[in-house]
Structures are given as structure tokens and as C-alpha cells.
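S.K.: This is the structure I want to talk about, given as C-alpha cells.
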Amino acid sequence: MSNTVYTFGGNAPHTDARQKDKTVTGGKGANLAEMASIGLPVPPGFTITTEESVRYLREGADFSDALRADVATALTHIEGAVGKSLGDAADPLLVSVRSGARVSMPGMMDTVLNLGLNDATVEGLAKTSGDERFAWDSYRRFIQMYSDVVLGLDHGLFEEALEIAKEDQGFYADTEMSADDWRKLVAEFKALVEQEQGKPFPQDVTEQLWGAIAAVFDSWDSDRAKVYRRLNDIPADWGTAVNVQAMVFGNMGETSATGVAFTRDPATGERAYYGEYLINAQGEDVVAGIRTPQYLTLAAREAAGAKPLSMEEAMPDAYHELARVFDLLEAHYRDMQDIEFTVERGKLWMLQTRSGKRTAKAALKMAVDMVGEDLIDKREAVRRVDPMALDQLLHPTLDPTAPRNVLTTGLPASPGAAAGKIVLDADTAEQWAGRGDKVVLVRVETSPEDIHGMHAAQGILTARGGMTSHAAVVARGMGRPCVSGANGVSIDRDARTLRIGSMELKEGDEITLDGAKGEVMLGIVPTVEPELVGDFGTLMEWADDLRRMRVRTNAETPADCKMARQFGAEGIGLCRTEHMFFDASRISAVRQMILADDEAGRRRALEQLLPEQRADFTAIFEVMTGLPCTIRLLDPPLHEFLPTRDDEFADLADATGLGVDHLKRRADELHEFNPMLGHRGCRLGITYPEIYEMQARAIFEAACDVQAASGEAPLPEIMVPLVATRKELAILRALVERVADEVFAEKGTNVAYLVGTMIELPRAALMAGEIAHEGAFFSFGTNDLTQTTLGVSRDDSARFLAPYVDQGIFPRDPFVSLDVDGVGQLVEIAAERGRATREGIKLGICGEHGGDPASIAFCEKVGLDYVSASPYRVPIARLAAAQSALSSGE
Ligand code: PEP
Ligand code: MG
């Protein structure tokens with residue numbers, strides 16, 4: 001065989017490095033090979049590489065000759081191992097065809113089971129299995145799945161035909177259908193296919209196989225896969241592998257079963273086997289949420305007060321074998337595993353293992369516990385936790401003392417508190433969230449089509465489905481609280497109402513979910529701030545020991561500064577002083593300053609602002625004593641502060657004694673066509689130096705006052721924005737130094753301070769060697785630097801960037817994750833040229849990228865001294881900085 005396909009299981013040759021490489025064989029394929037190689041019971045099969053799917057999609061849906069030949073050879077491997085042949089009417093081999101990308105994308109791509117059945121082989125299967133009912137049930141399942149996934153027919157048609165068939169007989173459950181009932185339904189399904197696509201259901205098993213392979217390849221580019229990729233930053237060019245594997249059957253009667261399990265609890269991290277199974281069922285029945293699955297262990301069943309027997313009780317032998325496999329897998333992978341298994345007539349088969357998705361709380365607990373168990377070391381523990389997932393822990397939780405009006409309970413599918421307006425479909429969720437509403441998405445059950453609505457919602461409530469239903473798995477992965485399978489919930493889609501028990505609610509009414517308890521409450525329940533102790537504190541300590549870069553915060557109120565310090569901030573990286581100008585008590589003075597006709601008028605208004613600004617800085621310095629505080633002088637275009645409404649002009653006319661018409665004319669004069677590239681940043685300081693003088697005075701007076709009061713001075717770092725030339729910074733540095741000298745003389749004391757600049761313009765990056773003569777530090781303002789380097793307006797980009805990301809033009813939104821190749825190059829140039837002029841020049845980043853783990857890794861590579869992030873991102877940045885230090889040391 002060439003290298004398009006790899007076989008596993010049976011007597012497959014030993015796996016090589018390529019076969020165990022997820023980038024080549026996908027997560028599922030690599031792990032199947034790994035499991036088979038350590039002797040676990042894996043049905044024999046083969047994996048088509050991700051490279052082949054990329055080639056197929058690139059070459060317009062064409063299979064290569066090498067692939068055709070390799071698949072034929074690999075198929076004989078399965079046939080040899082099982083002792084059956086695909087299409088053999090007497091004793092047919094059946095296979096499953098499943099996708100398997102590099103990372104798991106739950107429910108996003110396609111699967112076909114029972115492939116190889118046709119009008120002839122179904123009879124053979126009936127004979128060899130001795131179970132006619134099973135054979136015909138499998139055939140109808142196959143037609144249903146194949147028609148949906150490969151032929152693209154509406155699966156609702158088949159569901160409807162099945163419902164009608166059951167109703168005709170007065171049946172409730174599928175299990176009541178007899179062999180004959182299934183046989184009749186198969187005939188109906190086939191007629192449906194012929195009617196819908198104008199040709200019969202394919203009877204040729206080779207055609208079936210290639211159809212399924214093509215469908216899995218194509219599903220990589222389905223709309224829902226694209227949305228999922230965008231939300232999870234998965235590049236479009238990874239492609240998916242295809243796994244073809246001998247079928248094993250969990251639906252061969254009462255000694256057969258299928259299930260999904262985790263080696264530890266993925267919601268809490270507790271060390272307890274955790275999972276669900278269904279007797280006499282096929283895999284999809286568990287995840288689809290159609291039948292309510294049963295617990296795996298006796299303990300879990302008893303804790304939930306459930307009646308149906310656990311697997312531990314109902315099939316003790318298979319359960320103990322499964323428990324043995326769990327322990328082997330954890331010891332082998334040294335991580336919590338998420339497993340799919342099937343029991344066929346008492347024999348256990350492993351269908352999948354992968355590192356399991358987990359909540360942030362569980363991730364922390366497992367990482368810390370596994371260090372205690374000597375399974376991993378601290379460095380590995382720090383590597384294990386996704387920094388972005390910490391976000392889930394940093395937000396408020398429900399106040400335990402607040403009264404709760406509990407309407408119903410369901411399964412605690414994904415922990416956390418979520419409150420908002422009820423919405424009944426994903427599109428509405430997205431629309432309402434887009435206009436600023438907090439929403440809770442309520443569905444009978446979710447499907448992959450709902451993914452955008454789940455993302456937009458605060459939380460998800462479903463009427464059906466278990467702990468491993470689509471809603472539960474996806475919600476946990478996204479960090480959205482979720483209550484699934486809630487009792488007594490029914491939805492009237494036409495009336496847009498929701499009934500919970502006897503209570504009727506409308507779309508738009510407010511509810512609260514407690515995802516950890518599975519409770520659904522009426523109205524909005526108050527919340528409390530999180531406590532960052534326990535496993536969180538432990539892991540953060542380990543991270544702090546491992547990181548090189550410092551972590552500061554972007555904050556401009558004492559409250560934000562306090563919170564950031566609690567989260568571990570080691571200084572302020574950006575205090576945007578303009579935010580203080582918007583305060584209701586000062587906006588009038590700010591407007592008077594802006595609309596003044598001359599310098600004297602501006603100075604009069606600035607005098608009113610001085611004590612206010614001084615008070616702002618004093619309050620901030622009091623919180624941050626002993627820590628560096630980068631204060632940026634006024635940056636935004638002045639017109640942002642201008643009045644727009646008539647009543648605002650009238651108030652201003654009263655305050656200034658000037659006429660409304662005069663003020664409106666002056667406001668018109670200040671209008672700019674492209675204010676982001678206009679009269680802003682240091683250009684304000686150059687043209688209206690009195691503004692920066694006032695701000696510098698306020699900073700130094702506050703610093704001296706705090707030093708006098710507390711005995712400890714803050715370390716102000718005064719930052720000049722949007723500099724393009726050395727001269728601008730020279731002029732403004734001289735201005736700041738002059739004011740400092742004046743204030744220190746008046747106060748009879750002085751404080752240490754620095755003057756530096758932001759690097760936000762390509763010219764500044766290129767001329768950094770010159771600019772460094774004037775500035776003691778650079779802080780990379782990568783928001784503006786991205787906008788000015790790409791020539792993309794940061795205020796308008798959201799409208800067109802999503803398709804750019806979908807088409808792989810940018811791997812991620814460059815305003816969220818730094819464009820390392822382009823903007824990053826300017827950062828590197830500036831750092832290098834700045835250091836050449838001023839050895840050890842202090843370098844940091846204060847654009848939004850300072851809180852993005854991938855961008856933080858880049859900052860580590862360039863050797864920046866610190867990153868600065870908004871308060872809630874500070875712990876994320878601490879962990880990401882530690883991970884970056886670890887990987888750059890490798
Ligand atoms: C920046 O441009 O990256 C920056 C931090 O400044 P602002 O976002 O305030 O323009
Ligand atoms: Mg900026």
C-alpha cells in the first residue's frame with residue numbers, strides 16, 4: 001500500500017509514527033491504532049488520511065488512483081480478520097464509515113453505520129445472526145442514515161414514515177416492531193428513496209462504500225462544520241480522516257449494549273467512572289438523546305435515584321472488563337479518556353478513545369489530582385488546562401442565599417449559572433443576543449444546526465437528552481451552562497410558548513439555569529463573585545513559577561484595578577484616561593474644553609477637570625501602590641465627546657453662555673471623515689498641549705499625594721499614543737518633564753516616573769530605533785497597529801471578516817489573535833530596533849491581543865517583558881504566559 005490508508009486491529013502490521021500522528025490519521029484513527037497496538041479489543045478497520053480529504057476537496061471531488069487501490073487492499077485486511085466479505089450474500093461483512101478530524105468536532109460531521117446491506121445481504125445477515133428482526137432493523141437504519149448523509153434526502157421523511165408505521169400498529173417504542181414490520185418499512189424507505197432521487201437505493205456495496213467516503217470528505221465543508229471551525233479556531237485546511245471499521249452490534253438482543261463513558265467525571269473532575277449505556281441499541285441512540293440512557297455504575301444510579309439497572313448490575317462481566325480497560329487507558333494516555341464502546345453478545349469492543357472534553361473546574365481538578373497521583377508533573381499540569389476555559393470560573397455564580405423559584409429540574413449537563421430571556425430557536429438566540437439581550441436557548445433537543453444559537457446564548461435548556469447528548473457535550477465544550485432532559489418541559493413552536501409543569505411562559509420571559517444542580521428557575525436569580533482558591537489557586541501558583549513575562553491589566557477604575565489585582569495583575573499596562581472623561585459629572589467641562597474657540601477657553605475648562613482627574617489617579621494609585629502604572633494621555637478624536645442631542649446642546653449653551661447655533665457650528669467644524677486616522681492620539685497633544693499638561697499635572701500631583709499619605713509611591717509610566725515620529729515624542733516628553741519639574745518643585749518632593757510611547761503605526765515600528773531615543777518604554781497597541789497595517793477599520797471589520805476566516809485568508813480574526821506573519825513582523829522589527837538604541841528598553845503589549853493565548857505565545861517568542869489584559873483575562877494571561885515559557889524552553 002502507498003501511504004493514503006492505514007490498517008489497524010486484527011493482524012494489522014505494527015503501527016508506525018505516521019499512523020499515530022493525529023495530523024495524518026485524525027484523532028479517532030490515531031487512537032484506534034494506538035488502542036489496537038496495546039492489545040485492546042478494537043474491531044479491525046482502516047483509516048484514510050486527512051491528506052486524502054484535503055486532496056479530494058482541492059481536486060473537485062475526485063479520488064486518487066492510489067487511494068482506490070489502497071482502500072481495496074485495506075478492505076481485504078478487514079475481510080481476512082473477520083472472515084466475512086463485503087457484499088457476500090451468504091455471510092456479509094458490514095462496516096461503519098466515520099469521520100475523524102485532528103480534534104473532535106462532536107456531531108459536526110457524518111457517520112454511516114451498517115454499510116454493506118442490500119436486498120441480498122440482509123437475508124444472509126438474518127441467517128448468520130439467527131435474528132431476522134435485527135437484520136431488517138439494521139437494514140432500515142442503514143437506508144435511513146445513508147439517505148440522509150450520502151444521498152442528501154430529508155431525514156424527516158424517514159422519521160415520519162417510521163412514526164406512521166408505529167402508530168398504525170399502536171406501538172410506542174421502536175423495540176415493539178417485529179421483523180416483518182421492519183421488512184415492510186424497508187420497502188417503504190426504498191420507495192421513498194426512488195421517488196425522491198429518481199433512482200433506486202444503491203445495491204452495489206462498493207458504490208455504497210465510496211459514496212460514504214465521499215460524504216465524509218464533503219462534510220468537512222458543510223455549513224455547520226464551518227461554523228464550528230470558526231468558533232473553535234480550527235483551520236480550514238486540516239481536513240478529516242475517514243475510518244472504515246467492521247461493525248459490531250450493540251443491538252443483538254439483551255446481552256448486547258452500547259455506551260459512552262469517561263474515566264473521570266467530566267463536569268466535576270471527580271475520580272469516578274462516569275457514563276451511560278443502552279441495552280440492545282446502536283451507538284447513535286445514546287448520543288441522539290432519543291432513548292434516555294441508563295447509568296454505568298451502581299453508585300451513580302443510586303445517587304440519581306434512578307430505577308433502570310446500571311451496567312455494573314445488568315452486565316457485570318462486560319462492566320468489569322470495561323473498568324479494566326478504563327484503567328489501562330488512563331495509565332497509557334495519562335489523561336481522562338472519553339470512550340465509546342459496544343458489547344456484542346457479552347463481548348466488549350472499544351470503538352473510540354480520546355482525551356475527554358471537560359469543564360474548566362474539572363480540568364483544574366484533574367490536573368492537580370493527577371500531579372498528586374504521580375501520573376503527570378506540574379509542568380504537564382500547567383500545559384493541560386486550556387487558558388480560555390478559565391473564563392468559566394471567573395464569572396459570578398448564583399448566590400447560594402438567594403431565594404429560588406424552581407420550576408423544574410433536569411440533568412446537570414454543564415455547570416455554571418445562566419440567566420436571560422427565553423428564546424426557542426437558534427436564529428432568534430443569535431438575533432436577540434446581537435442586539436444586546438442575554439438569552440437562554442430552550443429546545444426539545446439540540447442538533448449541530450443549533451451551534452450558533454448555543455454560542456450566542458448564556459445557557460441551554462433541553463426537554464430531552466442525557467448527559468452525553470449533543471446539547472450536553474457541546475455546552476460543556478463551549479463553557480455554556482446547560483440543563484438537559486428537564487422534566488415536564490414542552491414547547492409550542494407556533495405559539496412561541498413554553499410550558500414547564502403547569503406554568504406557561506412566553507419567548508422573552510426570563511429564567512435562570514443552575515447547570516451544576518440541573519435546576520430551572522423563574523426570573524433572574526442574583527449572583528456572587530467567584531472565589532479563586534483551591535485547585536485554581538494551586539495551578540495558578542505553579543503557572544506563576546513557570547512564567548517569565550509579567551502580567552498587567554488594562555483598567556481605568558479603582559474597582560477594575562482591585563479586581564485585576566485579585567486576579568493576579570502585577571501592574572497597569574494601559575489606563576485609558578479618556579474613559580474618565582465620559583463620566584456624567586465631567587462631560588460638560590470636557591465639552592466646554594473641546595468647543596472653546598481658543599486656548600484661553602480650553603484652559604478654563606481644563607481647570608475644572610484637573611481636580612477630577614487628580615482624584616481619579618489618586619484612587620487608582622492607592623490600589624496599585626508599588627506597582628507600575630502605565631497611564632496613557634488622551635487618545636480618541638475629540639468629536640467622540642461632542643453633544644449630539646438638542647437637549648445636550650441646550651445644557652451646554654446654559655453652561656457656557658454661548659448660543660446653540662454657535663455651538664452646533666463649532667461641532668460641525670470638528671467633524672472628521674475618518675476619525676480613527678484623524679485628529680487623535682499625540683496629534684491632540686501637539687496641537688492642544690494644554691490638555692496633556694493638565695493630565696500630566698494630575699498624574700504627578702496624585703502620585704506625590706499618595707506617596708505622602710502612604711509612604712509608598714506608585715510607579716507612573718506616562719504613555720504617549722499614536723506616535724509616528726521621533727519629534728512628536730521629543731516635544732511631548734519635554735512637556736511632561738517640564739510639568740513634572742513644576743509639580744515636584746511645588747510639592748517639595750518627587751517620584752520616579754518614565755515617559756514612553758505606544759507603537760501603533762507601521763511608521764513607528766519601522767522608526768523604533770529613532771523613537772527609542774526619546775522613550776523609556778514601548779507598549780504595542782496592536783489594536784491600532786492591526787488596523788493600520790492591514791488597512792482594515794477596527795470598527796467596521798466585523799461585517800466582513802467572518803468569510804475571510806471561513807476561507808482561510810486569515811486563520812483567525814486578526815483583531816482577536818495577532819496576525820503574527822504581518823503585524824507580528826512589525827512588532828519584531830520595533831523590538832529589535834528599539835533594543836539596539838536603548839538596551840533593555842521595557843517592552844509590553846496592551847492591545848486586546850494581550851489576553852489571547854496564541855498572541856501571548858508570540859510575545860514570549862519576541863521576548864516582551866509583559867502582557868496586559870482586561871481584568872477577567874488576567875488569569876488566562878498568567879496561564880498562557882506559563883505555557884508559552886514552557887513551549888519556548890522545549
Ligand atoms: C491599541 O491600539 O492597541 C490600544 C491598546 O489602544 P486603543 O485600543 O485604546 O486604541
Ligand atoms: Mg490605540
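Residues in the C-alpha cells are named by chain (A, B, ... in the order shown) and by number from 1 within that chain; ligands are numbered from 1 in the order shown.
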How would you write, as a PyMOL selection string, the set of residues no farther than 7 Å from ligand 2 when counting only C-alpha atoms and all ligand atoms?
M.R.: chain A and resi 721-722+760+781+783-784
S.K.: Apply DSSP to the backbone of this structure and, from region 29-118 of chain A, keep only the residues in helix (DSSP H, G or I); write these as number ranges by chain.
M.R.: A: 29-37, 50-58, 65-82
S.K.: I need the strand (DSSP E or B) residues of region 659-783 of chain A per DSSP on the backbone, written as an mmCIF file with C-alpha atoms, in the first residue's frame.
M.R.:
```
data_model
loop_
_atom_site.group_PDB
_atom_site.id
_atom_site.type_symbol
_atom_site.label_atom_id
_atom_site.label_comp_id
_atom_site.auth_asym_id
_atom_site.auth_seq_id
_atom_site.Cartn_x
_atom_site.Cartn_y
_atom_site.Cartn_z
ATOM 1 C CA LEU A 715 5.433 53.979 39.519
ATOM 2 C CA PRO A 716 3.772 56.101 36.842
ATOM 3 C CA GLU A 717 4.696 55.310 33.267
ATOM 4 C CA ILE A 718 3.316 58.094 31.135
ATOM 5 C CA MET A 719 2.447 56.894 27.692
ATOM 6 C CA VAL A 720 2.015 58.933 24.542
ATOM 7 C CA LEU A 754 9.011 57.030 32.957
ATOM 8 C CA VAL A 755 7.879 58.524 29.684
ATOM 9 C CA GLY A 756 7.352 56.179 26.770
ATOM 10 C CA THR A 757 5.158 55.564 23.802
ATOM 11 C CA MET A 758 2.792 53.192 22.122
ATOM 12 C CA ILE A 759 3.767 51.525 18.908
ATOM 13 C CA PHE A 777 9.403 52.035 27.027
ATOM 14 C CA PHE A 778 7.270 50.799 24.158
ATOM 15 C CA SER A 779 3.828 49.344 24.567
ATOM 16 C CA PHE A 780 2.477 47.677 21.467
#
```
S.K.: For ligand 1, return the neighbouring residues as a ChimeraX atom specification (distance at most 10 Å; only C-alpha atoms and all ligand atoms).
M.R.: /A:554,573-579,632,634-636,676,681,721-722,758-761,779-788,794,815,845-850,868-869
S.K.: Atoms to include: N, CA, C and O atoms. Write the selected residues as a compact mmCIF listing (two decimals), in the first residue's frame.
M.R.:
```
# COMPACT_ATOMS: atom_id res chain seq x y z
N ASN A 554 -5.38 46.06 31.77
CA ASN A 554 -5.94 47.27 31.17
C ASN A 554 -7.12 47.67 32.05
O ASN A 554 -8.13 46.96 32.09
N GLY A 573 -1.12 48.03 32.60
CA GLY A 573 -0.43 48.14 31.32
C GLY A 573 -1.05 49.20 30.45
O GLY A 573 -0.42 49.70 29.52
N LEU A 574 -2.30 49.54 30.75
CA LEU A 574 -2.97 50.60 29.97
C LEU A 574 -4.12 51.15 30.78
O LEU A 574 -5.07 50.45 31.10
N CYS A 575 -3.99 52.44 31.13
CA CYS A 575 -5.12 53.16 31.73
C CYS A 575 -5.55 54.16 30.67
O CYS A 575 -4.82 55.09 30.35
N ARG A 576 -6.73 53.93 30.10
CA ARG A 576 -7.22 54.81 29.04
C ARG A 576 -7.91 56.00 29.69
O ARG A 576 -9.06 55.90 30.10
N THR A 577 -7.21 57.13 29.74
CA THR A 577 -7.75 58.25 30.53
C THR A 577 -9.03 58.82 29.94
O THR A 577 -9.81 59.44 30.66
N GLU A 578 -9.27 58.62 28.67
CA GLU A 578 -10.49 59.21 28.10
C GLU A 578 -11.75 58.62 28.71
O GLU A 578 -12.79 59.27 28.76
N HIS A 579 -11.65 57.37 29.18
CA HIS A 579 -12.85 56.77 29.77
C HIS A 579 -13.33 57.59 30.96
O HIS A 579 -14.51 57.62 31.26
N ARG A 632 -2.06 56.37 29.91
CA ARG A 632 -1.97 56.92 28.56
C ARG A 632 -2.64 58.28 28.50
O ARG A 632 -3.76 58.45 28.99
N LEU A 634 -4.51 61.50 26.63
CA LEU A 634 -5.75 61.46 25.84
C LEU A 634 -5.51 60.99 24.39
O LEU A 634 -4.60 61.47 23.73
N ASP A 635 -6.37 60.08 23.94
CA ASP A 635 -6.14 59.44 22.63
C ASP A 635 -7.26 59.64 21.60
O ASP A 635 -6.97 59.87 20.43
N PRO A 636 -8.52 59.58 21.97
CA PRO A 636 -9.53 59.48 20.91
C PRO A 636 -9.82 60.82 20.24
O PRO A 636 -9.52 61.86 20.80
N MET A 676 -10.62 57.76 13.03
CA MET A 676 -9.59 56.84 13.52
C MET A 676 -8.21 57.20 12.96
O MET A 676 -7.18 56.82 13.51
N GLY A 681 -4.89 60.91 19.25
CA GLY A 681 -3.59 60.48 19.75
C GLY A 681 -2.71 61.67 20.07
O GLY A 681 -3.19 62.76 20.44
N PRO A 721 0.21 58.24 23.01
CA PRO A 721 -0.37 57.37 21.99
C PRO A 721 -0.12 57.83 20.55
O PRO A 721 0.12 59.01 20.30
N LEU A 722 -0.21 56.88 19.65
CA LEU A 722 -0.24 57.11 18.20
C LEU A 722 0.92 57.95 17.65
O LEU A 722 0.75 58.75 16.75
N MET A 758 3.41 54.37 22.72
CA MET A 758 2.79 53.19 22.12
C MET A 758 3.34 53.03 20.72
O MET A 758 3.63 54.02 20.04
N ILE A 759 3.45 51.79 20.32
CA ILE A 759 3.77 51.52 18.91
C ILE A 759 2.47 51.05 18.28
O ILE A 759 2.02 49.92 18.50
N GLU A 760 1.85 51.95 17.51
CA GLU A 760 0.53 51.66 16.94
C GLU A 760 0.48 51.92 15.44
O GLU A 760 -0.56 51.72 14.82
N LEU A 761 1.57 52.44 14.91
CA LEU A 761 1.58 52.77 13.48
C LEU A 761 2.78 52.08 12.84
O LEU A 761 3.85 52.00 13.45
N SER A 779 4.93 50.28 24.34
CA SER A 779 3.83 49.34 24.57
C SER A 779 3.14 49.17 23.22
O SER A 779 2.74 50.14 22.59
N PHE A 780 3.05 47.91 22.79
CA PHE A 780 2.48 47.68 21.47
C PHE A 780 0.95 47.77 21.53
O PHE A 780 0.30 46.97 22.19
N GLY A 781 0.44 48.80 20.86
CA GLY A 781 -1.01 48.98 20.76
C GLY A 781 -1.46 48.23 19.52
O GLY A 781 -1.64 48.79 18.45
N THR A 782 -1.62 46.93 19.68
CA THR A 782 -1.84 46.09 18.50
C THR A 782 -3.25 46.20 17.92
O THR A 782 -3.50 45.70 16.84
N ASN A 783 -4.15 46.88 18.66
CA ASN A 783 -5.47 47.12 18.04
C ASN A 783 -5.28 48.09 16.87
O ASN A 783 -5.69 47.82 15.75
N ASP A 784 -4.65 49.21 17.18
CA ASP A 784 -4.43 50.18 16.10
C ASP A 784 -3.38 49.68 15.12
O ASP A 784 -3.48 49.93 13.92
N LEU A 785 -2.38 48.98 15.63
CA LEU A 785 -1.33 48.51 14.72
C LEU A 785 -1.91 47.51 13.71
O LEU A 785 -1.50 47.50 12.55
N THR A 786 -2.88 46.73 14.15
CA THR A 786 -3.53 45.80 13.21
C THR A 786 -4.34 46.59 12.18
O THR A 786 -4.27 46.35 10.98
N GLN A 787 -5.09 47.56 12.68
CA GLN A 787 -5.92 48.37 11.79
C GLN A 787 -5.08 49.12 10.77
O GLN A 787 -5.40 49.16 9.57
N THR A 788 -3.96 49.67 11.22
CA THR A 788 -3.17 50.49 10.30
C THR A 788 -2.28 49.63 9.39
O THR A 788 -1.97 50.04 8.28
N ARG A 794 -11.01 48.94 12.42
CA ARG A 794 -11.38 48.04 13.52
C ARG A 794 -12.86 48.17 13.86
O ARG A 794 -13.45 47.25 14.43
N PHE A 815 -8.06 40.87 14.75
CA PHE A 815 -8.24 41.79 15.88
C PHE A 815 -8.36 41.01 17.20
O PHE A 815 -8.33 41.58 18.27
N ILE A 845 2.75 44.71 25.72
CA ILE A 845 1.66 44.78 24.74
C ILE A 845 0.39 45.13 25.51
O ILE A 845 0.16 44.61 26.60
N CYS A 846 -0.41 46.06 24.94
CA CYS A 846 -1.63 46.44 25.64
C CYS A 846 -2.86 46.37 24.73
O CYS A 846 -3.95 46.71 25.14
N GLY A 847 -2.68 45.95 23.46
CA GLY A 847 -3.86 45.71 22.62
C GLY A 847 -4.61 44.50 23.15
O GLY A 847 -4.10 43.78 24.02
N GLU A 848 -5.81 44.28 22.63
CA GLU A 848 -6.64 43.15 23.09
C GLU A 848 -5.88 41.83 23.02
O GLU A 848 -6.19 40.88 23.73
N HIS A 849 -4.91 41.77 22.12
CA HIS A 849 -4.14 40.53 21.95
C HIS A 849 -3.40 40.11 23.21
O HIS A 849 -3.02 38.95 23.34
N GLY A 850 -3.21 41.05 24.13
CA GLY A 850 -2.51 40.73 25.37
C GLY A 850 -3.25 39.72 26.23
O GLY A 850 -2.70 39.17 27.17
N SER A 868 -0.49 42.85 28.81
CA SER A 868 -1.52 43.48 29.62
C SER A 868 -2.89 43.09 29.08
O SER A 868 -3.12 43.12 27.87
N ALA A 869 -3.78 42.71 30.00
CA ALA A 869 -5.08 42.19 29.57
C ALA A 869 -6.17 42.76 30.47
O ALA A 869 -5.90 43.21 31.58
```
S.K.: One number please: CA of Ile38 (chain A) to CA of Tyr6 (chain A), in Å, one decimal.
M.R.: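 Spanning CA of Ile38 (chain A) to CA of Tyr6 (chain A) is a straight-line distance of 16.7 Å.
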S.K.: So that I can see what lies close to Gly453 (chain A), please list as a ChimeraX atom specification the residues with an atom at most 10 Å from it, counting only C-alpha atoms and leaving out residues fewer than 5 positions away in the same chain.
M.R.: /A:423-433,439-441,446,458-460
S.K.: Can those selected residues be exported to a file as a PDB file, in the first residue's frame so that it contains C-alpha atoms?
M.R.:
```
ATOM      1  CA  VAL A 423     -35.612  32.011  23.086  1.00  0.00           C
ATOM      2  CA  LEU A 424     -36.942  28.995  21.244  1.00  0.00           C
ATOM      3  CA  ASP A 425     -34.639  28.680  18.255  1.00  0.00           C
ATOM      4  CA  ALA A 426     -31.004  29.281  17.398  1.00  0.00           C
ATOM      5  CA  ASP A 427     -31.589  32.113  14.919  1.00  0.00           C
ATOM      6  CA  THR A 428     -33.640  34.080  17.438  1.00  0.00           C
ATOM      7  CA  ALA A 429     -30.936  33.473  20.031  1.00  0.00           C
ATOM      8  CA  GLU A 430     -28.352  34.963  17.708  1.00  0.00           C
ATOM      9  CA  GLN A 431     -30.538  37.933  16.745  1.00  0.00           C
ATOM     10  CA  TRP A 432     -31.519  38.855  20.281  1.00  0.00           C
ATOM     11  CA  ALA A 433     -28.011  38.390  21.621  1.00  0.00           C
ATOM     12  CA  VAL A 439     -30.819  34.808  26.233  1.00  0.00           C
ATOM     13  CA  VAL A 440     -31.342  31.212  27.299  1.00  0.00           C
ATOM     14  CA  LEU A 441     -31.907  28.833  24.389  1.00  0.00           C
ATOM     15  CA  THR A 446     -30.289  20.424  20.143  1.00  0.00           C
ATOM     16  CA  GLN A 458     -25.949  32.380  28.119  1.00  0.00           C
ATOM     17  CA  GLY A 459     -27.158  28.845  28.672  1.00  0.00           C
ATOM     18  CA  ILE A 460     -29.121  25.968  27.170  1.00  0.00           C
TER      19      ILE A 460
END
```
S.K.: May I ask which of the residues A:Arg548, A:Lys365, A:Arg358, A:Lys562 is the closest one to Arg271 (chain A), counting only C-alpha atoms?
M.R.: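 Smallest distance to Arg271 (chain A) is found for A:Lys365.
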S.K.: What's the separation between CA of Asn674 (chain A) and CA of Pro637 (chain A), in Å to one decimal place?
M.R.: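 About the pair CA of Asn674 (chain A) and CA of Pro637 (chain A): they are 9.7 Å apart.
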S.K.: If I take CA of His662 (chain A) and CA of Arg680 (chain A), how far is one from the other in Å, to one decimal?
M.R.: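 The value is 23.4 Å.
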S.K.: Which neighbours of region 346-351 of chain A fall inside 7 Å, counting only C-alpha atoms, when residues of the same chain fewer than 4 positions from it are skipped, and could you give them as number ranges by chain?
M.R.: A: 41-43, 255-256, 318, 340-342
S.K.: At a cut-off of 7 Å, using only C-alpha atoms, what residues contact region 732-738 of chain A? Leave out same-chain residues fewer than 3 positions from it and give the result as a VMD selection string.
M.R.: chain A and resid 693 696 728 to 729 741 to 742 755
S.K.: Closest to Val474 (chain A) among A:Ala187, A:Leu162, A:Leu670, A:Tyr228, using only C-alpha atoms?
M.R.: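 Ranking A:Ala187, A:Leu162, A:Leu670, A:Tyr228 by distance to Val474 (chain A), first place goes to A:Tyr228.
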S.K.: For Cys561 (chain A), work out the shell of residues within 12 Å, counting only C-alpha atoms and skipping chain neighbours fewer than 5 positions away, then give it as a compact mmCIF listing (two decimals) with C-alpha atoms, in the first residue's frame.
M.R.:
```txt
# COMPACT_ATOMS: atom_id res chain seq x y z
CA ARG A 552 -0.54 43.59 33.87
CA THR A 553 -4.07 44.79 33.33
CA ASN A 554 -5.94 47.27 31.17
CA ALA A 555 -8.06 49.14 33.70
CA GLU A 556 -9.21 52.66 34.43
CA GLN A 566 -7.23 39.85 42.96
CA PHE A 567 -6.83 38.05 39.67
CA GLY A 568 -3.07 38.48 40.00
CA ALA A 569 -2.28 41.59 37.91
CA GLU A 570 1.22 42.95 38.55
CA GLY A 571 0.56 46.50 37.40
CA ILE A 572 -1.46 48.53 34.94
CA GLY A 573 -0.43 48.14 31.32
CA LEU A 574 -2.97 50.60 29.97
CA CYS A 575 -5.12 53.16 31.73
CA ASP A 616 -9.13 59.55 39.57
CA PHE A 617 -5.40 58.93 39.58
CA ALA A 619 -7.81 56.43 43.71
CA ILE A 620 -6.04 54.21 41.20
CA PHE A 621 -2.57 54.74 42.68
CA GLU A 622 -3.92 53.89 46.12
CA VAL A 623 -4.93 50.47 44.83
CA MET A 624 -1.72 49.96 42.87
CA THR A 625 0.98 51.28 45.25
CA LEU A 627 3.31 48.64 41.08
CA CYS A 629 1.02 52.03 36.23
CA ALA A 869 -5.08 42.19 29.57
CA SER A 870 -8.51 43.21 30.81
CA PRO A 871 -9.12 42.15 34.42
CA TYR A 872 -11.08 38.97 33.66
CA VAL A 874 -5.53 38.30 33.73
```
S.K.: Restricting the calculation to only C-alpha atoms, which member of A:Ala798, A:Leu638, A:Ala584, A:Met694 is positioned closest to Arg603 (chain A)?
M.R.: A:Met694
S.K.: Check which residues of region 427-488 of chain A sit at most 12 Å from region 398-410 of chain A using only C-alpha atoms, and return one row each with the closest pair of atoms and their distance in Å to one decimal, ordered by chain and rising number, as a Markdown table.
M.R.:
```
| residue | atom | partner | partner_atom | distance |
| --- | --- | --- | --- | --- |
| A:Ile460 | CA | A:Gly410 | CA | 11.6 |
| A:Leu461 | CA | A:Gly410 | CA | 8.7 |
| A:Thr462 | CA | A:Gly410 | CA | 8.5 |
| A:Ala463 | CA | A:Gly410 | CA | 8.2 |
| A:Arg464 | CA | A:Gly410 | CA | 9.1 |
| A:Gly465 | CA | A:Gly410 | CA | 9.7 |
| A:Gly466 | CA | A:Gly410 | CA | 9.3 |
| A:Met467 | CA | A:Gly410 | CA | 10.0 |
| A:Ala472 | CA | A:Gly410 | CA | 11.7 |
| A:Pro481 | CA | A:Leu398 | CA | 12.0 |
| A:Cys482 | CA | A:Gly410 | CA | 9.4 |
| A:Val483 | CA | A:Gly410 | CA | 5.7 |
| A:Ser484 | CA | A:Gly410 | CA | 5.6 |
| A:Gly485 | CA | A:Gly410 | CA | 5.3 |
| A:Ala486 | CA | A:Gly410 | CA | 3.7 |
| A:Asn487 | CA | A:Gly410 | CA | 5.9 |
| A:Gly488 | CA | A:Thr408 | CA | 7.4 |
```
S.K.: Might you pull out every residue within 9 Å of region 119-128 of chain A, with only C-alpha atoms counted and same-chain residues fewer than 6 positions away left off, and present them as a ChimeraX atom specification?
M.R.: /A:87-93,134-136,138-139,203
